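Shown next, in structure tokens, is the structure this report addresses.
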Amino acid sequence: MRVRIEALRKGRHQVLVGGFGGNGNGARAHSLRRLTLISSSAWQWPADEATCRRHGEMLRGLRGGVSRLRQTATIDEVVGVLTDLCLAPRGTARDLLLAARHRIHLRRPELTLILPDLPADVHVVLDFAFEDYWDQLTCVLKVSVSTHPPGPVPGPATDVAGPDWVELLGMVRDGVETWFAGQGLYRTDFRIQGREYRLPTVWVGELNDPAADAGAYLTESLDVVNGLAARTLRVGDARDCVVTPSVLNGQILALRRSEALKLEEPVLQPTYLLVPERAAPGDPDGRQLGELEETLVDALVSLEGQAADRLWRIEADVDVWEHQLEVYDQVAERGLVLWDALSTHLPVRRGRQLERVHRSVELIHQILLQGVADLARMETRTQDCLAQVGRARADLVDAFDTLITEFHTGEFGLRTALAQTGLVGEVEVSAAAVVRQAARVKAKYDHLLGAMSHAFDERRVRESDVVQRASGKVGFALAFIGVITLLDATVQMKPESLASGAYLWPGLGWLSALALMLSVLAGLGFLALVCWVVFSAMEEGPLGSKKFFRRIYNGRRDSGDSGMWKFLRDSSSAELNKVADDPAAWRARDDQLAARFAQLWDEIGEVDPNRLAGNGRWDVGTDIDRVAGLIEQWGLWTLLVTERPFGRLARYRLPRLTLLYRVCTLLPGTFLTGAQASVVSEDDCRRSLQRLGLTWAEAGRVEKSLVAWVRQRGDVSAWDVLRLLDDWWVHADATGPEIAERAG
């Protein structure tokens, strides 16, 4: 299949699409009445007066004809309406702007202000609408680049010359979007499956000799459709795409392909090709058919945006749970190793050594128990994400059937590609995988806790066996005493007269003193036994050593902010939700929490449990103390990385704490060092930095620069990371440009 697409140099344009047979002779040639490229993009739109002022200056500078809601209006009228909307109360302004829409038609004089060296005359229409994507007011810009102005097109000319219009229209589109990006707005980058996902590009090819039925293009005019698809969708055969023979009352053939735009960075964008059929007899100039084309383009952009927004939200939640599950998985793996080290002592140790081993087992058991509730909640949340995919699919199907009347001739069409396969199917697979991961990690916790419970049961059996044997002996002694007492009550065992001198050991005066001493010793022994029981009961409560675990966990008594449990309390979701939306309040909270986190992290790492074996001796007591120290260190680090605010950290203005969470698993000397697990997902980290005014790309550069710096430094500590963030001026009330500049 060879394709020729050519155009006239001036005025009216003719694009020829030719199909050639095997003999090399032109079997058939069709010309396009008009070729149009409609590219849509999403831009963050702050609902403030400054943004509306910039937008008004942009419109006034273009001096093109402006329409609002398909009604002619002047530029000043449009700018005035938008400014009034922006100056309304915050909630009201958002609702009013969502209903606002205006267009501007750029003719050659206006277009040369943006692209001064155009090789041919093209027509550009800028369509501004507003949507609500990820709770962010978003300006959806449609750049329509066409060989003809909007409206009916007269018959084609016969002269054939000029540039490749497909490439030219794409170049104009890129130039206009680059110019718009320079107006101070940031592109809204949908992120799905680790790739940037952009709103669709739509090609509309209007033939001079269209078919009477759009469904016949695939049978009677397949060479024409293949020629268009080769140049616009870059496929050799139109049937390689998602094909719907007819949509919108069966008047338009629609093809869809999702392709990668960049090889170095995955960027996906769906591309459509629309080929309308012949206009109805009651629509001689094709005006109604043109409105149908416009309606279909709006519907496709709306559906793609709705799908991207819903799936991005679900994907972000799935990513958060996946990263947290990876951390819990690493915690369980390390706990299993420590449990194995302790279990070697259980069969043969006794007395105080056995008690020390079991206290360490209890600490592992308690740390793991604190994660079971979180794992159960994460398992529920992952299942909810999977259910949300199903709800998003149902909503997309309903929206598609409402906006587009598709003629369903096969199992696979636009409706299926949008709502059931493609991105929806990919996100559904990811959510299902995370659901299985949550069940697997929770099962690992349950199995490890079950093994420890069996160890406790075995100890209770051994202790109860000892108690039973001792109880038998004590019972025999008590029974013997009871027999003597009974005999004394029934038989005269004392001498009849004390004066007769009939004693067991008569005349021994020291016997009374000995009896007194034994009585005093028995009393003291009983008092010591009571004190030991009370002391043991007091020691039974807290776990871990007093000099390390309890000192860090409880903190200093003379300080109100030290101690891990106070940090966990102050950084909990319940406490963070109390902070008002005030940058000054968030600055104080973020600086304080980040400093306390860094102090705790480094303080835990300062103690080396292996130091106990440094003197060259390796006996039973040394090994038990060493493993117990490793367990205490593992438990403290585990609490720091697992008892973090639940859900997405991007909800809070905590950039310093978020970045510390992001790189803490890369710091040397921990059981998480070198693992793939990360406390905060990349998406969550970037969205947290975006709250400071950074773009998605700038936030990514800051995050990657910090990760690279930590990996290059072999001896970096949490306080070193905090000092670097100070150099970069990362604070809750900082602005994005200065952070991006300092971070490089």
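By convention here, the chains of the structure tokens are called A, B, ... in the order presented, each chain's residues are numbered starting at 1, and ligands are numbered starting at 1 in the order presented.
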Q | Per-residue DSSP, segment 537-602 of chain A, filtered to helix (DSSP H, G or I), as a VMD selection string | A | chain A and resid 537 to 539 549 to 554 564 to 570 573 to 576 583 to 602
Q: Quote the spacing between atom CA of Arg310 of chain A and atom CA of Trp134 of chain A in Å to one decimal place.
A: 8.3 Å
(Q) At a cut-off of 10 Å, using only C-alpha atoms, what residues contact Ala341 of chain A? Leave out same-chain residues fewer than 3 positions from it and give the result as a ChimeraX atom specification. (A) /A:335-338,344-346,623-624,627-628
Q. What is the atom CA of Leu706 of chain A to atom CA of Val663 of chain A distance in Å?
A.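 A separation of 7.8 Å between them.
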Q. What does the distance from atom CA of Glu426 of chain A to atom CA of Tyr197 of chain A come to in Å, to one decimal?
A. 13.1 Å
Q: Excluding segment 183-194 of chain A and residues on its chain fewer than 6 positions from it, collect all residues at most 7 Å away from it, counting only C-alpha atoms, and give them as a list of chain:residue names.
A: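 Counting only the stated atoms, we get A:Ala42, A:Trp43, A:Gln44, A:Trp45, A:Ala308, A:Trp312, A:Glu315, A:Thr695.
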Q: Go through A:Leu35, A:Ile104, A:Ala230, A:Val427 one by one, measure the shortest atom-to-atom distance of each to His148 of chain A using only C-alpha atoms, and give the residue with the smallest value.
A: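 Using only C-alpha atoms, the shortest distance to His148 of chain A belongs to A:Leu35.
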Q. Taking only C-alpha atoms into account, which of A:Leu137, A:Val710, A:Leu292, A:Cys685 comes nearest Thr665 of chain A?
A.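 Residue with the minimum atom-to-atom distance to Thr665 of chain A: A:Val710.
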Q. Pick from A:Ile367, A:Met171, A:Leu207, A:Leu228: nearest to Leu32 of chain A, with only C-alpha atoms counted?
A.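 The shortest atom-to-atom distance to Leu32 of chain A comes from A:Leu207.
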Q: Name the closest residue to Val331 of chain A among the candidates A:Ser453, A:Thr658, A:Thr416, A:Thr638; distances are taken between atoms, counting only C-alpha atoms.
A: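 Nearest to Val331 of chain A: A:Thr638.
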(Q) Taking 4 positions as the minimum chain separation for residues in the same chain, which residues sit within 12 Å of Gly714 of chain A when counting only C-alpha atoms? Answer as JSON, numbers by chain. (A) {"A": [666, 667, 668, 669, 673, 708, 709, 710, 720]}
Q: Counting only C-alpha atoms, figure out which residue out of A:Trp696, A:Tyr272, A:Trp203, A:Phe646 gets nearest to Glu304 of chain A.
A: A:Tyr272
Q | Residue contacts of Asp329 of chain A (9 Å, only C-alpha atoms) excluding same-chain residues fewer than 2 positions away, as an NGL selection string | A | :A and (324-327 or 331-334 or 440-442 or 444-445 or 677)
Q.
When DSSP is applied to the backbone of this structure, which of segment 46-285 of chain A are assigned strand (DSSP E)? Write them out as number ranges by chain.
A. A: 65-68, 71-73, 101-106, 123-133, 136-146, 190-192, 195-197, 201-207, 242-247, 252-260, 267-276
Q: Fewer than 3 positions away in the same chain doesn't count, so skip those; otherwise give me all residues within 10 Å of Asp582 of chain A, counting only C-alpha atoms, as a VMD selection string.
A: chain A and resid 579 585 to 587 653 732 to 733
Would you export the selected residues with C-alpha atoms as a PDB file, in the first residue's frame, please?
```
ATOM      1  CA  VAL A 579      -4.267  21.310  61.364  1.00  0.00           C
ATOM      2  CA  ALA A 585       0.832  26.133  60.731  1.00  0.00           C
ATOM      3  CA  TRP A 586       1.968  23.404  58.370  1.00  0.00           C
ATOM      4  CA  ARG A 587       5.496  24.818  58.305  1.00  0.00           C
ATOM      5  CA  ARG A 653       1.477  19.820  53.474  1.00  0.00           C
ATOM      6  CA  ALA A 732       5.794  23.779  53.804  1.00  0.00           C
ATOM      7  CA  ASP A 733       5.509  27.498  52.984  1.00  0.00           C
TER       8      ASP A 733
END
```
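Proximity to Cys664 of chain A was assessed for A:Arg257, A:Arg711, A:Arg33, A:Arg651 counting only C-alpha atoms; the smallest distance is recorded for A:Arg711.
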